Structure formats: C-alpha cells, structure tokens
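So this block is coords.cif, mmCIF, C-alpha atoms:
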data_input
#
loop_
_atom_site.label_atom_id
_atom_site.label_comp_id
_atom_site.auth_asym_id
_atom_site.auth_seq_id
_atom_site.Cartn_x
_atom_site.Cartn_y
_atom_site.Cartn_z
CA MET A 271 97.80 57.03 76.90
CA ALA A 272 97.73 60.36 75.20
CA GLY A 273 99.48 62.20 78.04
CA LEU A 274 97.21 65.22 77.84
CA LEU A 275 97.43 66.13 81.48
CA THR A 276 100.31 68.49 82.09
CA PRO A 277 101.84 68.99 85.56
CA ASP A 278 100.08 72.40 85.64
CA ILE A 279 96.75 70.60 85.47
CA THR A 280 97.45 67.73 87.85
CA ALA A 281 98.93 70.14 90.40
CA LYS A 282 95.38 71.42 90.96
CA ILE A 283 94.20 68.07 92.32
CA GLY A 284 93.38 68.42 96.00
CA GLN A 285 92.80 72.15 95.85
CA ALA A 286 89.56 73.61 97.19
CA ASN A 287 87.52 76.73 96.56
CA PRO A 288 87.18 79.12 99.50
CA THR A 289 84.56 77.73 101.90
CA ILE A 290 81.13 79.31 101.50
CA HIS A 291 79.29 80.25 104.70
CA VAL A 292 75.50 80.55 104.54
CA GLU A 293 72.66 81.10 106.93
CA VAL A 294 69.73 79.20 105.45
CA THR A 295 66.45 81.09 105.32
CA ARG A 296 62.94 79.71 105.04
CA ARG A 297 62.32 82.08 102.15
CA ASP A 298 65.23 80.65 100.14
CA ILE A 299 63.88 77.13 100.66
CA GLN A 300 60.38 78.23 99.63
CA LYS A 301 61.69 79.87 96.44
CA TYR A 302 63.52 76.69 95.55
CA ALA A 303 60.51 74.53 96.39
CA VAL A 304 57.96 76.40 94.28
CA SER A 305 60.30 76.79 91.33
CA THR A 306 61.00 73.04 91.20
CA GLY A 307 57.33 72.12 91.53
CA GLN A 308 57.58 70.35 94.88
CA ARG A 309 54.39 68.84 96.32
CA ALA A 310 55.47 68.02 99.87
CA LYS A 311 54.16 70.56 102.37
CA LYS A 312 57.39 70.55 104.41
CA TYR A 313 59.28 71.81 101.35
CA LEU A 314 56.65 74.35 100.22
CA ASP A 315 56.42 75.73 103.77
CA GLY A 316 60.21 75.87 103.96
CA ASP A 317 60.40 73.63 107.05
CA GLU A 318 62.98 71.46 105.32
CA ALA A 319 65.02 71.87 102.14
CA PRO A 320 64.50 69.48 99.20
CA PRO A 321 67.49 67.18 98.58
CA LEU A 322 69.05 69.20 95.73
CA PHE A 323 68.52 72.62 97.35
CA HIS A 324 72.20 73.10 98.18
CA PHE A 325 73.12 73.23 94.47
CA GLY A 326 72.43 76.97 94.33
CA TYR A 327 74.99 77.65 97.03
CA SER A 328 77.73 76.61 94.63
CA MET A 329 76.87 79.54 92.36
CA GLU A 330 79.31 82.36 92.85
CA ILE A 331 77.73 85.79 93.29
CA LEU A 332 79.51 88.14 90.91
CA PRO A 333 78.61 91.41 89.16
CA PRO A 334 77.53 90.90 85.52
CA GLU A 335 80.73 92.41 84.11
CA GLU A 336 82.77 89.69 85.79
CA LEU A 337 80.84 86.85 84.13
CA ARG A 338 81.81 85.21 80.85
CA ALA A 339 79.88 86.11 77.68
CA ASP A 340 77.65 83.05 78.18
CA GLY A 341 76.66 84.29 81.63
CA ILE A 342 78.65 81.70 83.55
CA ALA A 343 81.14 82.52 86.29
CA GLU A 344 84.59 81.18 85.50
CA ASP A 345 85.13 77.90 87.38
CA LYS A 346 88.33 78.65 89.27
CA LEU A 347 88.61 75.13 90.65
CA ILE A 348 88.89 73.27 87.37
CA PRO A 349 91.95 74.24 85.30
CA PRO A 350 91.62 74.82 81.54
CA LEU A 351 91.59 71.38 79.90
CA PRO A 352 93.20 70.46 76.57
CA LEU A 353 89.90 68.81 75.54
CA LYS A 354 87.20 71.43 75.16
CA ARG A 355 84.00 69.51 74.58
CA VAL A 356 82.48 68.88 78.00
CA MET A 357 79.94 66.07 78.10
CA ALA A 358 77.59 64.49 80.54
CA GLY A 359 78.10 65.51 84.11
CA SER A 360 76.87 63.40 86.98
CA SER A 361 76.20 63.92 90.67
CA ASP A 362 76.05 61.46 93.56
CA THR A 363 75.11 62.55 97.06
CA VAL A 364 75.08 60.85 100.44
CA TYR A 365 72.73 62.54 102.90
CA HIS A 366 73.29 62.67 106.64
CA ARG A 367 70.48 65.03 107.57
CA PRO A 368 68.24 67.60 105.80
CA ILE A 369 69.01 71.31 105.63
CA ARG A 370 66.54 73.38 107.69
CA PRO A 371 65.83 77.10 108.01
CA GLY A 372 68.15 78.79 110.46
CA ASP A 373 70.96 76.33 109.82
CA LYS A 374 74.36 77.96 109.68
CA ILE A 375 76.19 75.87 107.15
CA LYS A 376 79.49 75.81 105.35
CA MET A 377 80.18 74.27 102.00
CA THR A 378 83.54 73.39 100.51
CA ARG A 379 84.15 72.19 96.96
CA ARG A 380 87.37 70.33 96.28
CA LEU A 381 88.95 69.02 93.09
CA LYS A 382 89.29 65.35 93.93
CA ASP A 383 90.79 63.93 90.76
CA ILE A 384 91.59 64.54 87.11
CA TYR A 385 92.52 61.57 84.97
CA GLU A 386 92.49 60.53 81.36
CA LYS A 387 91.34 57.41 79.58
CA GLU A 388 91.33 56.27 76.00
CA GLY A 389 87.73 56.20 74.79
CA LYS A 390 86.34 54.56 71.65
CA THR A 391 86.46 57.84 69.74
CA GLY A 392 89.63 59.26 71.29
CA PRO A 393 91.01 60.45 74.60
CA LEU A 394 88.72 61.44 77.46
CA ILE A 395 89.46 63.51 80.53
CA PHE A 396 87.50 62.82 83.74
CA VAL A 397 87.17 65.55 86.35
CA VAL A 398 85.89 64.62 89.82
CA THR A 399 84.94 67.13 92.49
CA GLU A 400 83.65 66.68 96.02
CA VAL A 401 81.28 69.02 97.80
CA VAL A 402 81.03 68.78 101.57
CA VAL A 403 78.17 70.51 103.38
CA GLU A 404 78.20 70.64 107.16
CA THR A 405 77.01 72.94 109.93
CA GLU A 406 79.39 75.53 111.36
CA ASP A 407 79.61 73.19 114.37
CA GLY A 408 80.87 70.40 112.13
CA GLU A 409 77.70 68.28 111.96
CA ALA A 410 77.68 66.41 108.65
CA ILE A 411 74.83 67.30 106.27
CA LEU A 412 75.82 65.82 102.93
CA ASN A 413 78.69 64.77 100.69
CA GLU A 414 78.29 65.17 96.95
CA THR A 415 80.63 63.79 94.31
CA THR A 416 80.32 65.26 90.84
CA SER A 417 82.07 64.21 87.70
CA LEU A 418 82.31 65.52 84.19
CA ILE A 419 83.91 64.19 81.06
CA ALA A 420 85.73 66.24 78.42
CA ARG A 421 86.57 64.92 74.97
CA MET B 324 51.51 54.82 104.45
CA LEU B 325 54.35 53.12 102.60
CA ARG B 326 55.60 50.01 104.37
CA TYR B 327 58.85 48.24 103.60
CA GLU B 328 57.08 44.86 103.67
CA ASP B 329 54.64 45.91 100.92
CA ILE B 330 57.32 46.95 98.40
CA THR B 331 58.11 44.45 95.65
CA VAL B 332 61.20 44.40 93.46
CA GLY B 333 60.29 45.35 89.90
CA SER B 334 57.33 47.52 90.85
CA GLU B 335 57.06 51.04 89.46
CA LEU B 336 57.12 54.23 91.49
CA PRO B 337 54.32 56.72 90.74
CA SER B 338 55.39 58.83 87.75
CA ARG B 339 54.76 62.51 87.17
CA ASP B 340 54.87 64.78 84.12
CA HIS B 341 56.62 68.15 84.25
CA THR B 342 56.31 70.86 81.62
CA ALA B 343 58.32 73.87 82.72
CA THR B 344 57.10 77.27 81.56
CA ILE B 345 59.44 80.17 80.88
CA VAL B 346 58.26 81.70 84.18
CA GLN B 347 59.04 78.55 86.14
CA LEU B 348 62.45 78.29 84.51
CA PHE B 349 63.15 81.93 85.35
CA MET B 350 62.12 81.35 88.96
CA TYR B 351 64.35 78.28 89.21
CA ASN B 352 67.41 80.01 87.80
CA ALA B 353 66.78 83.01 90.05
CA ALA B 354 66.40 80.72 93.09
CA ILE B 355 69.70 78.94 92.43
CA TRP B 356 71.33 82.13 91.08
CA ASN B 357 72.22 80.79 87.64
CA PRO B 358 72.81 83.46 84.98
CA HIS B 359 73.77 81.00 82.20
CA ARG B 360 72.15 82.46 79.07
CA ILE B 361 71.09 79.13 77.53
CA HIS B 362 68.33 79.00 80.19
CA PHE B 363 66.60 82.32 79.34
CA ASP B 364 67.98 83.78 76.11
CA HIS B 365 66.45 81.96 73.14
CA THR B 366 68.49 83.77 70.49
CA TYR B 367 71.74 83.10 72.32
CA ALA B 368 70.89 79.43 73.02
CA THR B 369 69.95 78.66 69.42
CA GLU B 370 72.28 80.93 67.42
CA GLU B 371 75.41 80.97 69.56
CA GLU B 372 75.35 77.53 71.17
CA GLY B 373 73.36 75.62 68.55
CA TYR B 374 70.62 74.28 70.82
CA ASP B 375 67.08 73.62 69.53
CA ALA B 376 65.55 76.01 72.07
CA ILE B 377 66.00 77.31 75.63
CA VAL B 378 67.63 74.51 77.65
CA LEU B 379 66.22 73.03 80.87
CA ASP B 380 68.83 72.99 83.64
CA GLY B 381 70.26 69.53 84.39
CA PRO B 382 69.88 69.94 88.16
CA LEU B 383 66.21 70.92 87.69
CA GLN B 384 65.65 67.67 85.85
CA GLY B 385 67.65 65.92 88.57
CA ASP B 386 65.32 67.45 91.14
CA TRP B 387 62.28 66.13 89.28
CA ILE B 388 63.52 62.56 89.54
CA GLY B 389 64.44 63.20 93.19
CA GLN B 390 60.79 64.14 93.76
CA VAL B 391 59.72 60.74 92.46
CA VAL B 392 61.46 59.36 95.54
CA THR B 393 60.52 62.00 98.12
CA ASP B 394 56.83 61.94 97.04
CA TRP B 395 56.83 58.13 97.13
CA ILE B 396 58.35 57.75 100.62
CA GLY B 397 56.75 60.81 102.25
CA GLU B 398 57.61 60.64 105.96
CA ASP B 399 57.74 56.83 105.95
CA ALA B 400 61.40 56.45 104.97
CA THR B 401 64.57 58.51 104.51
CA MET B 402 66.49 59.04 101.30
CA VAL B 403 70.09 58.23 102.22
CA SER B 404 71.67 58.65 98.81
CA PHE B 405 70.73 59.97 95.38
CA GLY B 406 72.50 60.35 92.08
CA TYR B 407 71.77 61.48 88.54
CA ALA B 408 73.59 61.97 85.24
CA ASN B 409 73.03 64.39 82.36
CA ARG B 410 72.65 62.32 79.18
CA ARG B 411 71.02 64.65 76.66
CA ALA B 412 69.48 68.10 76.47
CA ALA B 413 65.85 68.83 77.29
CA TYR B 414 64.12 71.97 76.12
CA LEU B 415 61.60 74.52 77.29
CA GLY B 416 58.15 73.28 76.28
CA ASP B 417 59.13 69.59 76.44
CA THR B 418 56.87 67.49 78.61
CA MET B 419 59.17 65.36 80.71
CA THR B 420 58.04 62.24 82.55
CA ALA B 421 59.77 61.39 85.84
CA GLY B 422 59.50 57.86 87.18
CA GLY B 423 61.32 54.95 88.74
CA LEU B 424 61.52 51.27 89.48
CA VAL B 425 62.26 49.23 92.62
CA GLU B 426 65.55 47.46 91.91
CA GLU B 427 66.58 45.79 95.18
CA LYS B 428 65.49 45.25 98.75
CA ASN B 429 67.86 44.65 101.63
CA ASP B 430 65.95 43.05 104.50
CA GLU B 431 68.85 43.31 106.92
CA ASN B 432 68.79 47.12 107.13
CA LYS B 433 65.40 47.74 105.51
CA GLU B 434 66.86 49.59 102.54
CA VAL B 435 65.35 49.85 99.07
CA LYS B 436 67.32 50.69 95.96
CA VAL B 437 65.45 52.36 93.10
CA SER B 438 66.41 53.38 89.58
CA LEU B 439 65.02 56.63 88.24
CA TYR B 440 64.51 58.23 84.88
CA LEU B 441 63.38 61.40 83.21
CA LYS B 442 62.10 60.87 79.66
CA ASN B 443 61.00 63.21 76.92
CA ALA B 444 57.90 62.69 74.77
CA GLN B 445 59.95 60.55 72.35
CA GLY B 446 60.77 58.19 75.22
CA GLU B 447 64.45 59.21 75.28
CA VAL B 448 65.97 59.30 78.77
CA THR B 449 67.60 62.67 79.37
CA ILE B 450 68.50 62.05 83.03
CA PRO B 451 68.90 58.60 84.54
CA GLY B 452 69.33 58.33 88.31
CA HIS B 453 69.26 56.13 91.36
CA ALA B 454 68.46 56.40 95.04
CA LEU B 455 68.67 54.43 98.25
CA VAL B 456 65.94 54.80 100.87
CA ARG B 457 65.88 53.42 104.41
CA PHE B 458 62.87 52.48 106.52
CA GLY B 459 62.54 52.43 110.30
#

Go ahead and express the file in the form of structure tokens.
Amino acid sequence: MAGLLTPDITAKIGQANPTIHVEVTRRDIQKYAVSTGQRAKKYLDGDEAPPLFHFGYSMEILPPEELRADGIAEDKLIPPLPLKRVMAGSSDTVYHRPIRPGDKIKMTRRLKDIYEKEGKTGPLIFVVTEVVVETEDGEAILNETTSLIAR
Amino acid sequence: MLRYEDITVGSELPSRDHTATIVQLFMYNAAIWNPHRIHFDHTYATEEEGYDAIVLDGPLQGDWIGQVVTDWIGEDATMVSFGYANRRAAYLGDTMTAGGLVEEKNDENKEVKVSLYLKNAQGEVTIPGHALVRFG
C-alpha cells in the first residue's frame, strides 16, 4: 500500500457539512422538471419531485467572488487529496418517500470513508459520502451514498 | 397499466432519446444552481479543461435514465432504489439514448430489478445505472 492517506486526511472521516434546511416549493420542482425533460404530469405540475431533484440542494449558494476559477464552490467536506485526477463518480439512493411541495426538509452530507487501493495503473483513493434527507420532524425521505475515485 | 405478472426477465424498457439544447442545459444548471463553467462556457471547457465541447452534467444524464424507470412504472409501482455512475463525458449536441433491461424478478415481495444505460450515438455507455421497483 502506498500510504498516501495522511492522518490529516483520515481525521476528516465522519465529519459532516452544516445541515441545510429547505422549504420545498412547487416552483422549484417545476423548474427542475421542465429542465430535465420530464413527461409525468405529477412532476411537471410540481405535485411531486422527480427522484434526483434533491441534488440541487447540495449546491452551496455563494457570491461569484467566493467561487473557484472554474465556477465551482470549494468542497469543504473532502480534504485535498494527494492524487489530483478525479474519475468516475457514482451515486446510489434508497428512497423512503417522495419530496413534495411544502415539505420542510433538512439535508446532511457526511464524509463516510476515505481509503486507498492499489489499482492496475497505480494507487487509487476512494472517497465515500452519505447524504441524508429527512423532514424537520425526522421522517426519512432518502439516503444517498456517493463515491468518487482519485488517481 | 403495468402489472408485475406481465413483466419478463430480459425484456427491454421503453427507450427515449434526449438531445439537450444550450437553453435546456442553462435551465438545468440554473435549477440546480450549478455555476461550473464547463456546462456553459465553450471556450473555457475546450481551452482550459480540454473537453471536446460544453459538457452535459452527470446528474442530468442520471436523471434521464431515472426517467426510463419512472415513465415505465407510472403510478403502478414505486422506485425504491436507484443508482448511476459517470463513465465518460457527454457533450452538448450529442443525442443520448436512455434505456434499460429487466434483470430480475422477486416474487416474494413483488420487486423488479432493472439495469439502465445512457448511450451516445457511437453506442458508448456514458452512464450505466440500476434501479429496484416494488409493486403492490
């Protein structure tokens, strides 16, 4: 094993971003639905959010001067990695119930794991995060696990 | 009406082509609040980051394969889980085909497992995925 992961990096495992609190509006669902080309009336009317709707809530709202040159907000959850080329990300979600207009929801993103493996072409670092979306009352909405690989 | 009993393993889900326009891509990135320049700044995407053209967002492509499932089941079943992976870049102007295949049926709890794909015109899969739907 290459031993790329310093204690500074692994110390971040288990940390979470500040919880985001959102009141879901019909208009936000409708914007998402038309822009993704949905066909189901319940999505276009904003009665229910399409399954990937919550993705936008993970985007931090910052003034332009606080963004990086490429337009992205710095990801404060994932520490700088010694391998810079980030490849294929993936996302897996378990749904408990759909998001609907008027829902008061909270979303928390946590760094679940960082580990390294020896790949065919050299070392790889795997970063796993978990996103939990629930209502303010604690009713489960969804759990999403994302992973990315750096090499 | 889609009935669990009528679904056969190995059958294809209805596929759909998507060709995002620059306006649609703008609307999507505005809706999710994504200011990443590779999705709207052609010069930046090609000259600074070395892409062929403006890049389609991975989660947008993920949504397209999710729609294969939600359009197929309508109100007749519930999608209980869904996953996708980013395999290769797709570009503005590319016509992408979203589709899927029935992989498994579980009679005990009336669940159906499907595999999903998004392909470009060359037949290369940019986003593979999978979903589990439950009837009743």

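Residue nearest Pro334 in chain A, chosen from B:Arg411, B:His365, B:Lys436, B:Arg360 and counting only C-alpha atoms: B:Arg360.
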
What are the nearest atom pairs, with distances in Å to one decimal, for all residues of range 336-421 of chain B that come at most 12 Å from range 342-350 of chain A, using all atoms listed in the file, set out by chain and rising residue number as CSV?
residue,atom,partner,partner_atom,distance
B:Trp356,CA,A:Ile342,CA,10.5
B:Asn357,CA,A:Ile342,CA,7.7
B:Pro358,CA,A:Ile342,CA,6.3
B:His359,CA,A:Ile342,CA,5.1
B:Arg360,CA,A:Ile342,CA,7.9
B:Ile361,CA,A:Ile342,CA,10.0
B:His362,CA,A:Ile342,CA,11.2

Got time to write the residues from that selection, C-alpha atoms, as a PDB file, keeping the file's coordinate frame?
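Printed below is result_15.pdb as written:
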ATOM      1  CA  TRP B 356      71.330  82.130  91.080  1.00  0.00           C
ATOM      2  CA  ASN B 357      72.220  80.790  87.640  1.00  0.00           C
ATOM      3  CA  PRO B 358      72.810  83.460  84.980  1.00  0.00           C
ATOM      4  CA  HIS B 359      73.770  81.000  82.200  1.00  0.00           C
ATOM      5  CA  ARG B 360      72.150  82.460  79.070  1.00  0.00           C
ATOM      6  CA  ILE B 361      71.090  79.130  77.530  1.00  0.00           C
ATOM      7  CA  HIS B 362      68.330  79.000  80.190  1.00  0.00           C
TER       8      HIS B 362
END

Can you build me a table of chain B residues sitting at most 10 Å from chain A, with the closest atom pair per residue and its distance in Å to one decimal, using only C-alpha atoms, sorted by chain and residue number, as a Markdown table?
| residue | atom | partner | partner_atom | distance |
| --- | --- | --- | --- | --- |
| B:His341 | CA | A:Gly307 | CA | 8.3 |
| B:Ala343 | CA | A:Thr306 | CA | 8.9 |
| B:Val346 | CA | A:Ser305 | CA | 8.9 |
| B:Gln347 | CA | A:Ser305 | CA | 5.6 |
| B:Leu348 | CA | A:Ser305 | CA | 7.3 |
| B:Phe349 | CA | A:Ser305 | CA | 8.4 |
| B:Met350 | CA | A:Ser305 | CA | 5.5 |
| B:Tyr351 | CA | A:Ser305 | CA | 4.8 |
| B:Asn352 | CA | A:Ser305 | CA | 8.6 |
| B:Ala353 | CA | A:Lys301 | CA | 8.8 |
| B:Ala354 | CA | A:Tyr302 | CA | 5.5 |
| B:Ile355 | CA | A:Gly326 | CA | 3.9 |
| B:Trp356 | CA | A:Gly326 | CA | 6.2 |
| B:Asn357 | CA | A:Met329 | CA | 6.7 |
| B:Pro358 | CA | A:Gly341 | CA | 5.2 |
| B:His359 | CA | A:Gly341 | CA | 4.4 |
| B:Arg360 | CA | A:Gly341 | CA | 5.5 |
| B:Ile361 | CA | A:Asp340 | CA | 7.7 |
| B:His362 | CA | A:Gly341 | CA | 10.0 |
| B:Asp364 | CA | A:Asp340 | CA | 9.9 |
| B:Tyr367 | CA | A:Asp340 | CA | 8.3 |
| B:Ala368 | CA | A:Asp340 | CA | 9.2 |
| B:Glu371 | CA | A:Asp340 | CA | 9.1 |
| B:Glu372 | CA | A:Asp340 | CA | 9.2 |
| B:Gly381 | CA | A:Gly359 | CA | 8.8 |
| B:Pro382 | CA | A:Leu322 | CA | 7.7 |
| B:Leu383 | CA | A:Thr306 | CA | 6.6 |
| B:Gln384 | CA | A:Thr306 | CA | 8.9 |
| B:Gly385 | CA | A:Leu322 | CA | 8.0 |
| B:Asp386 | CA | A:Leu322 | CA | 6.2 |
| B:Trp387 | CA | A:Thr306 | CA | 7.3 |
| B:Gly389 | CA | A:Pro321 | CA | 7.4 |
| B:Gln390 | CA | A:Gln308 | CA | 7.1 |
| B:Thr393 | CA | A:Ala310 | CA | 8.1 |
| B:Asp394 | CA | A:Ala310 | CA | 6.8 |
| B:Gly397 | CA | A:Ala310 | CA | 7.7 |
| B:Glu398 | CA | A:Ala310 | CA | 9.8 |
| B:Thr401 | CA | A:Tyr365 | CA | 9.2 |
| B:Met402 | CA | A:Tyr365 | CA | 7.3 |
| B:Val403 | CA | A:Tyr365 | CA | 5.1 |
| B:Ser404 | CA | A:Val364 | CA | 4.4 |
| B:Phe405 | CA | A:Thr363 | CA | 5.4 |
| B:Gly406 | CA | A:Asp362 | CA | 4.0 |
| B:Tyr407 | CA | A:Ser361 | CA | 5.5 |
| B:Ala408 | CA | A:Ser360 | CA | 4.0 |
| B:Asn409 | CA | A:Ala358 | CA | 4.9 |
| B:Arg410 | CA | A:Ala358 | CA | 5.6 |
| B:Arg411 | CA | A:Ala358 | CA | 7.6 |
| B:Ala412 | CA | A:Ala358 | CA | 9.8 |
| B:Ile450 | CA | A:Ser360 | CA | 9.4 |
| B:Pro451 | CA | A:Ser360 | CA | 9.6 |
| B:Gly452 | CA | A:Asp362 | CA | 9.1 |
| B:His453 | CA | A:Asp362 | CA | 8.9 |
| B:Ala454 | CA | A:Asp362 | CA | 9.2 |
| B:Leu455 | CA | A:Val364 | CA | 9.3 |

Selected residues written out, C-alpha atoms, as a compact mmCIF listing (two decimals), in the frame of the given file:
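Okay, this is what ended up in selection.txt:
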# COMPACT_ATOMS: atom_id res chain seq x y z
CA HIS B 341 56.62 68.15 84.25
CA ALA B 343 58.32 73.87 82.72
CA VAL B 346 58.26 81.70 84.18
CA GLN B 347 59.04 78.55 86.14
CA LEU B 348 62.45 78.29 84.51
CA PHE B 349 63.15 81.93 85.35
CA MET B 350 62.12 81.35 88.96
CA TYR B 351 64.35 78.28 89.21
CA ASN B 352 67.41 80.01 87.80
CA ALA B 353 66.78 83.01 90.05
CA ALA B 354 66.40 80.72 93.09
CA ILE B 355 69.70 78.94 92.43
CA TRP B 356 71.33 82.13 91.08
CA ASN B 357 72.22 80.79 87.64
CA PRO B 358 72.81 83.46 84.98
CA HIS B 359 73.77 81.00 82.20
CA ARG B 360 72.15 82.46 79.07
CA ILE B 361 71.09 79.13 77.53
CA HIS B 362 68.33 79.00 80.19
CA ASP B 364 67.98 83.78 76.11
CA TYR B 367 71.74 83.10 72.32
CA ALA B 368 70.89 79.43 73.02
CA GLU B 371 75.41 80.97 69.56
CA GLU B 372 75.35 77.53 71.17
CA GLY B 381 70.26 69.53 84.39
CA PRO B 382 69.88 69.94 88.16
CA LEU B 383 66.21 70.92 87.69
CA GLN B 384 65.65 67.67 85.85
CA GLY B 385 67.65 65.92 88.57
CA ASP B 386 65.32 67.45 91.14
CA TRP B 387 62.28 66.13 89.28
CA GLY B 389 64.44 63.20 93.19
CA GLN B 390 60.79 64.14 93.76
CA THR B 393 60.52 62.00 98.12
CA ASP B 394 56.83 61.94 97.04
CA GLY B 397 56.75 60.81 102.25
CA GLU B 398 57.61 60.64 105.96
CA THR B 401 64.57 58.51 104.51
CA MET B 402 66.49 59.04 101.30
CA VAL B 403 70.09 58.23 102.22
CA SER B 404 71.67 58.65 98.81
CA PHE B 405 70.73 59.97 95.38
CA GLY B 406 72.50 60.35 92.08
CA TYR B 407 71.77 61.48 88.54
CA ALA B 408 73.59 61.97 85.24
CA ASN B 409 73.03 64.39 82.36
CA ARG B 410 72.65 62.32 79.18
CA ARG B 411 71.02 64.65 76.66
CA ALA B 412 69.48 68.10 76.47
CA ILE B 450 68.50 62.05 83.03
CA PRO B 451 68.90 58.60 84.54
CA GLY B 452 69.33 58.33 88.31
CA HIS B 453 69.26 56.13 91.36
CA ALA B 454 68.46 56.40 95.04
CA LEU B 455 68.67 54.43 98.25

In Å, how far is it from CA of Asp329 in chain B to CA of Lys311 in chain A? 24.7 Å

In the coordinates of the file, take the point (56.0, 66.8, 79.4) and a cut-off of 12 Å; then, counting all atoms listed in the file, name each qualifying protein, DNA or RNA residue as a PyMOL selection string. chain B and resi 338-344+384+387+413-421+441-446

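Between CA of Phe458 in chain B and CA of Leu325 in chain B there is a distance of 9.4 Å.
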
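Take CA of Ile419 in chain A and CA of Arg355 in chain A: the distance between them is 8.4 Å.
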
Contacts of Glu293 in chain A at 9 Å or less, counting all atoms listed in the file, minus same-chain residues fewer than 2 places along, as a PyMOL selection string? chain A and resi 291+295+371-376

Written as a PyMOL selection string, what is the full residue list that the PyMOL selection byres ((chain A and resi 276) around 12) yields on the file shown? chain A and resi 272-275+277-283+349-352+384-386

Just C-alpha atoms for this one: save the residues we selected as a PDB file, in the coordinates of the input.
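Saved as selection10.pdb:
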ATOM      1  CA  ALA A 272      97.730  60.360  75.200  1.00  0.00           C
ATOM      2  CA  GLY A 273      99.480  62.200  78.040  1.00  0.00           C
ATOM      3  CA  LEU A 274      97.210  65.220  77.840  1.00  0.00           C
ATOM      4  CA  LEU A 275      97.430  66.130  81.480  1.00  0.00           C
ATOM      5  CA  PRO A 277     101.840  68.990  85.560  1.00  0.00           C
ATOM      6  CA  ASP A 278     100.080  72.400  85.640  1.00  0.00           C
ATOM      7  CA  ILE A 279      96.750  70.600  85.470  1.00  0.00           C
ATOM      8  CA  THR A 280      97.450  67.730  87.850  1.00  0.00           C
ATOM      9  CA  ALA A 281      98.930  70.140  90.400  1.00  0.00           C
ATOM     10  CA  LYS A 282      95.380  71.420  90.960  1.00  0.00           C
ATOM     11  CA  ILE A 283      94.200  68.070  92.320  1.00  0.00           C
ATOM     12  CA  PRO A 349      91.950  74.240  85.300  1.00  0.00           C
ATOM     13  CA  PRO A 350      91.620  74.820  81.540  1.00  0.00           C
ATOM     14  CA  LEU A 351      91.590  71.380  79.900  1.00  0.00           C
ATOM     15  CA  PRO A 352      93.200  70.460  76.570  1.00  0.00           C
ATOM     16  CA  ILE A 384      91.590  64.540  87.110  1.00  0.00           C
ATOM     17  CA  TYR A 385      92.520  61.570  84.970  1.00  0.00           C
ATOM     18  CA  GLU A 386      92.490  60.530  81.360  1.00  0.00           C
TER      19      GLU A 386
END

Considering all atoms listed in the file, return as number ranges by chain whatever protein or nucleic-acid residues lie within 12 Å of Asn429 in chain B, sequence-local ones (same chain, fewer than 4 positions apart) excluded. B: 327-328, 330-332, 425, 433-437, 455-458

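By only C-alpha atoms, and with residues fewer than 2 positions from Leu353 in chain A along its chain excluded, the set lying at most 8 Å from it is Leu351, Arg355, Val356, Leu394, Ile395, Ala420 and Arg421 of chain A.
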
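Take the candidates B:Glu427, B:Ser334, B:Asp375, B:Asp380 and check each one against Thr449 in chain B using all atoms listed in the file; the shortest distance goes to B:Asp380.
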